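Okay, structure first, notes after.
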Amino acid sequence: MPAPRTSERQARGANGFVVLTVATIVLLGGIAALIGGIVMLAGGAGTSGWLVLALGVLAALAGFVLYFGLSAVAPGEARVVQLLGRYVGTLRTPGLQWVNPFTVRRRVSTRIRNHETDVTKVNDADGNPIQIATVVVWQVQDTAQAVFEVDDFVEFVAIQAETAVRHIAGSYPYDSHGEPRLSLRDNAEEINEKLAAEISVRVASAGVKVIEARIVHLAYAPEIAHAMLRRQQAGAVVAARQRIVEGAVGMVEMALAKLAEDGVVELDEERKAAMVSNLLVVLVGDRDTQPVVNTGTLYQ
């Protein structure tokens, strides 16, 4: 983004209540002088009557014009002041203030705002179509840049936020699948920080500060959601089987070691292999086994 050419500065203003009082006195005095001049002219005062009438008209106009310089600034708002197209400054102090009545004052909200992007369909780093939506918390930090650097800073933030979301979603996979890399699902905090940083860079020239950006919706697109669910289920089954096998092997090793240690029975390598096979079938199988009772010797 290009560097901003304007930066905010404080506008010079007077106490609005003081100016309001002065303007009211001047206006009332002008009206009184205007009435007095008319009375004097009706009484044949001549030049002095016209002079009082002219002074009354000028005073009334001056008081009326002073009213146009009054600006009420609410908390969480600012007024960007322009004089003949030139940026004069910004009023941020809450309360009634007075500036040059011939200036144009534009109201800008400095409150914290939320922008929620629509659910967007993009391809992740692996090319899988996903759906993603985010919430961006932002605030106007420089009113001059927000007004003069872009046409509409609210729309600018919305478009740049969506652009950043698409870029981040396309830069990382939805799931790492056990690989040592960042993913949208497994590393939410890191991805949110990167998203907030990218949006901040994009909207900095508009005088906007990004407070937080967070992914609020993340899912596979409907056309591949079922296939990916089966893949996740298969991965979960494989992981569970792996734990079961590891546990079963440990139990078989413990059983053989205990039998040899206590001298219960001496098994040759062939009988050990048969015992290991039988124990693994019992421990690893997902169905109940049917025991067969051997009523003969160990070798029959």
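Labeling convention for the structure tokens: chains A, B, ... as they appear, residues from 1 per chain, ligands from 1 in order of appearance.
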Stretch 209-222 of chain A: which residues within 7 Å, counting only C-alpha atoms, same-chain residues fewer than 2 positions away excluded, as a PyMOL selection string? chain A and resi 129-141+192+195-196+200+204+207+224-225
Which residues are close to A:Phe17, i.e. within 10 Å by only C-alpha atoms, leaving aside same-chain residues fewer than 2 positions away? Reply as JSON, numbers by chain. {"A": [14, 15, 19, 20, 21, 22, 23, 70, 95, 96, 97, 98]}
Would you save the residues of that selection, restricted to C-alpha atoms, as a compact mmCIF listing (two decimals), in the first residue's frame?
```txt
# COMPACT_ATOMS: atom_id res chain seq x y z
CA ALA A 14 -12.76 27.77 21.17
CA ASN A 15 -15.06 26.91 24.03
CA VAL A 19 -19.08 31.56 21.94
CA LEU A 20 -22.74 30.56 22.23
CA THR A 21 -23.24 33.15 24.95
CA VAL A 22 -21.43 35.84 22.98
CA ALA A 23 -23.32 35.01 19.78
CA LEU A 70 -20.67 25.56 16.84
CA GLY A 95 -18.34 18.74 24.22
CA LEU A 96 -19.49 21.90 22.46
CA GLN A 97 -16.70 23.52 20.44
CA TRP A 98 -16.49 26.43 18.07
```
In stretch 31-152 of chain A, what's alpha helix (DSSP H) per DSSP? Answer as a ChimeraX atom specification? /A:31-42,47-67,143-148
Can you spit out the residues from that selection as an mmCIF file, in the first residue's frame, using C-alpha atoms?
```cif
data_model
loop_
_atom_site.group_PDB
_atom_site.id
_atom_site.type_symbol
_atom_site.label_atom_id
_atom_site.label_comp_id
_atom_site.auth_asym_id
_atom_site.auth_seq_id
_atom_site.Cartn_x
_atom_site.Cartn_y
_atom_site.Cartn_z
ATOM 1 C CA ILE A 31 -32.109 42.841 16.867
ATOM 2 C CA ALA A 32 -32.561 45.531 19.514
ATOM 3 C CA ALA A 33 -30.466 47.975 17.458
ATOM 4 C CA LEU A 34 -32.431 47.052 14.354
ATOM 5 C CA ILE A 35 -35.702 47.807 16.100
ATOM 6 C CA GLY A 36 -34.271 50.996 17.555
ATOM 7 C CA GLY A 37 -33.089 52.162 14.128
ATOM 8 C CA ILE A 38 -36.525 51.568 12.646
ATOM 9 C CA VAL A 39 -38.105 53.585 15.485
ATOM 10 C CA MET A 40 -35.584 56.401 14.992
ATOM 11 C CA LEU A 41 -36.273 56.504 11.262
ATOM 12 C CA ALA A 42 -39.993 56.654 11.951
ATOM 13 C CA THR A 47 -28.672 59.779 9.345
ATOM 14 C CA SER A 48 -28.335 58.563 12.919
ATOM 15 C CA GLY A 49 -31.316 56.289 12.433
ATOM 16 C CA TRP A 50 -29.827 54.751 9.317
ATOM 17 C CA LEU A 51 -26.510 54.274 11.158
ATOM 18 C CA VAL A 52 -28.172 52.472 14.074
ATOM 19 C CA LEU A 53 -30.160 50.360 11.615
ATOM 20 C CA ALA A 54 -27.011 49.349 9.710
ATOM 21 C CA LEU A 55 -25.197 48.485 12.944
ATOM 22 C CA GLY A 56 -28.153 46.385 14.047
ATOM 23 C CA VAL A 57 -28.214 44.482 10.773
ATOM 24 C CA LEU A 58 -24.460 43.805 10.952
ATOM 25 C CA ALA A 59 -24.630 42.702 14.598
ATOM 26 C CA ALA A 60 -27.562 40.374 13.923
ATOM 27 C CA LEU A 61 -25.767 38.851 10.928
ATOM 28 C CA ALA A 62 -22.550 38.467 12.951
ATOM 29 C CA GLY A 63 -24.378 36.692 15.780
ATOM 30 C CA PHE A 64 -26.222 34.482 13.292
ATOM 31 C CA VAL A 65 -22.975 33.530 11.534
ATOM 32 C CA LEU A 66 -21.285 32.703 14.827
ATOM 33 C CA TYR A 67 -23.878 29.997 15.428
ATOM 34 C CA THR A 143 -9.237 10.384 11.070
ATOM 35 C CA ALA A 144 -7.427 12.402 8.397
ATOM 36 C CA GLN A 145 -6.159 9.280 6.642
ATOM 37 C CA ALA A 146 -9.547 7.585 6.978
ATOM 38 C CA VAL A 147 -11.282 10.511 5.246
ATOM 39 C CA PHE A 148 -8.728 11.639 2.654
#
```
Step one, run DSSP on the backbone; step two, keep only residues of stretch 10-115 of chain A assigned to strand (DSSP E or B); then write them as a ChimeraX atom specification. /A:10,14-15,70-73,77-83,86-91,95-98,104-109,113-115
Residues from the last selection, N, CA and C atoms, saved as a tab-separated table (two decimals), in the first residue's frame:
```
chain	number	residue	atom	x	y	z
A	10	GLN	N	-4.49	18.22	15.51
A	10	GLN	CA	-5.59	18.79	16.29
A	10	GLN	C	-6.01	20.13	15.71
A	14	ALA	N	-12.47	27.02	19.95
A	14	ALA	CA	-12.76	27.77	21.17
A	14	ALA	C	-13.86	27.05	21.95
A	15	ASN	N	-14.01	27.48	23.20
A	15	ASN	CA	-15.06	26.91	24.03
A	15	ASN	C	-16.42	27.26	23.44
A	70	LEU	N	-20.53	26.46	15.69
A	70	LEU	CA	-20.67	25.56	16.84
A	70	LEU	C	-20.74	24.11	16.38
A	71	SER	N	-19.99	23.24	17.07
A	71	SER	CA	-19.97	21.81	16.75
A	71	SER	C	-20.02	21.02	18.04
A	72	ALA	N	-20.97	20.13	18.14
A	72	ALA	CA	-21.08	19.26	19.31
A	72	ALA	C	-20.37	17.94	19.01
A	73	VAL	N	-19.35	17.63	19.79
A	73	VAL	CA	-18.56	16.41	19.60
A	73	VAL	C	-18.94	15.43	20.71
A	77	GLU	N	-16.49	10.02	19.01
A	77	GLU	CA	-16.60	10.64	17.70
A	77	GLU	C	-15.52	11.70	17.52
A	78	ALA	N	-15.30	12.07	16.28
A	78	ALA	CA	-14.37	13.14	15.94
A	78	ALA	C	-14.96	13.93	14.78
A	79	ARG	N	-14.52	15.15	14.63
A	79	ARG	CA	-14.95	15.99	13.52
A	79	ARG	C	-13.73	16.42	12.71
A	80	VAL	N	-13.73	16.03	11.44
A	80	VAL	CA	-12.65	16.41	10.53
A	80	VAL	C	-13.02	17.76	9.91
A	81	VAL	N	-12.18	18.77	10.10
A	81	VAL	CA	-12.49	20.15	9.71
A	81	VAL	C	-11.74	20.49	8.43
A	82	GLN	N	-12.48	21.03	7.43
A	82	GLN	CA	-11.91	21.48	6.16
A	82	GLN	C	-12.32	22.92	5.90
A	83	LEU	N	-11.39	23.68	5.37
A	83	LEU	CA	-11.65	25.07	4.97
A	83	LEU	C	-11.26	25.24	3.51
A	86	ARG	N	-9.17	22.48	2.12
A	86	ARG	CA	-7.89	22.20	2.80
A	86	ARG	C	-8.17	21.63	4.18
A	87	TYR	N	-7.40	20.60	4.53
A	87	TYR	CA	-7.56	19.97	5.84
A	87	TYR	C	-7.00	20.90	6.91
A	88	VAL	N	-7.85	21.24	7.89
A	88	VAL	CA	-7.46	22.16	8.95
A	88	VAL	C	-7.04	21.40	10.21
A	89	GLY	N	-7.79	20.36	10.55
A	89	GLY	CA	-7.49	19.59	11.75
A	89	GLY	C	-8.68	18.76	12.15
A	90	THR	N	-8.57	18.11	13.30
A	90	THR	CA	-9.62	17.23	13.78
A	90	THR	C	-9.98	17.61	15.21
A	91	LEU	N	-11.27	17.69	15.47
A	91	LEU	CA	-11.79	17.92	16.81
A	91	LEU	C	-12.07	16.57	17.46
A	95	GLY	N	-17.70	17.52	23.74
A	95	GLY	CA	-18.34	18.74	24.22
A	95	GLY	C	-18.65	19.69	23.08
A	96	LEU	N	-19.14	20.88	23.44
A	96	LEU	CA	-19.49	21.90	22.46
A	96	LEU	C	-18.26	22.73	22.14
A	97	GLN	N	-17.88	22.77	20.86
A	97	GLN	CA	-16.70	23.52	20.44
A	97	GLN	C	-17.09	24.46	19.30
A	98	TRP	N	-16.24	25.46	19.14
A	98	TRP	CA	-16.49	26.43	18.07
A	98	TRP	C	-15.25	26.54	17.20
A	104	VAL	N	-16.07	23.15	6.74
A	104	VAL	CA	-16.92	21.98	6.61
A	104	VAL	C	-16.43	20.94	7.61
A	105	ARG	N	-17.34	20.41	8.41
A	105	ARG	CA	-16.97	19.44	9.45
A	105	ARG	C	-17.64	18.10	9.16
A	106	ARG	N	-16.81	17.08	9.08
A	106	ARG	CA	-17.31	15.74	8.77
A	106	ARG	C	-17.19	14.86	9.99
A	107	ARG	N	-18.27	14.21	10.35
A	107	ARG	CA	-18.29	13.36	11.53
A	107	ARG	C	-17.67	11.99	11.20
A	108	VAL	N	-16.75	11.55	12.06
A	108	VAL	CA	-16.10	10.24	11.92
A	108	VAL	C	-16.17	9.52	13.26
A	109	SER	N	-16.68	8.31	13.26
A	109	SER	CA	-16.78	7.52	14.48
A	109	SER	C	-15.42	6.90	14.80
A	113	ARG	N	-15.27	-1.20	16.19
A	113	ARG	CA	-16.27	-1.80	15.32
A	113	ARG	C	-15.93	-3.27	15.05
A	114	ASN	N	-16.97	-4.00	14.67
A	114	ASN	CA	-16.81	-5.39	14.24
A	114	ASN	C	-17.18	-5.51	12.77
A	115	HIS	N	-16.40	-6.30	12.07
A	115	HIS	CA	-16.75	-6.63	10.68
A	115	HIS	C	-16.65	-8.14	10.52
```
Atom pair atom CA of A:Pro94 / atom CA of A:Thr6: separation (Å):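 Atom CA of A:Thr6 lies at a distance of 23.3 Å from atom CA of A:Pro94.
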For a test of reading the model, state the distance in Å between atom CA of A:Tyr172 and atom CA of A:Ala125, rounded to one decimal. 4.9 Å
Which residue out of A:Leu84, A:Val99, A:Ala74, A:Val201 has the minimum interatomic distance to A:Gly13 when only C-alpha atoms are used?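 Ranked by minimum distance to A:Gly13, first place goes to A:Val99.
Distance annotation: of A:Arg5, A:Arg243, A:Arg166, A:Arg181, the residue with the minimal separation from A:Glu198 is A:Arg166; atom set is only C-alpha atoms.
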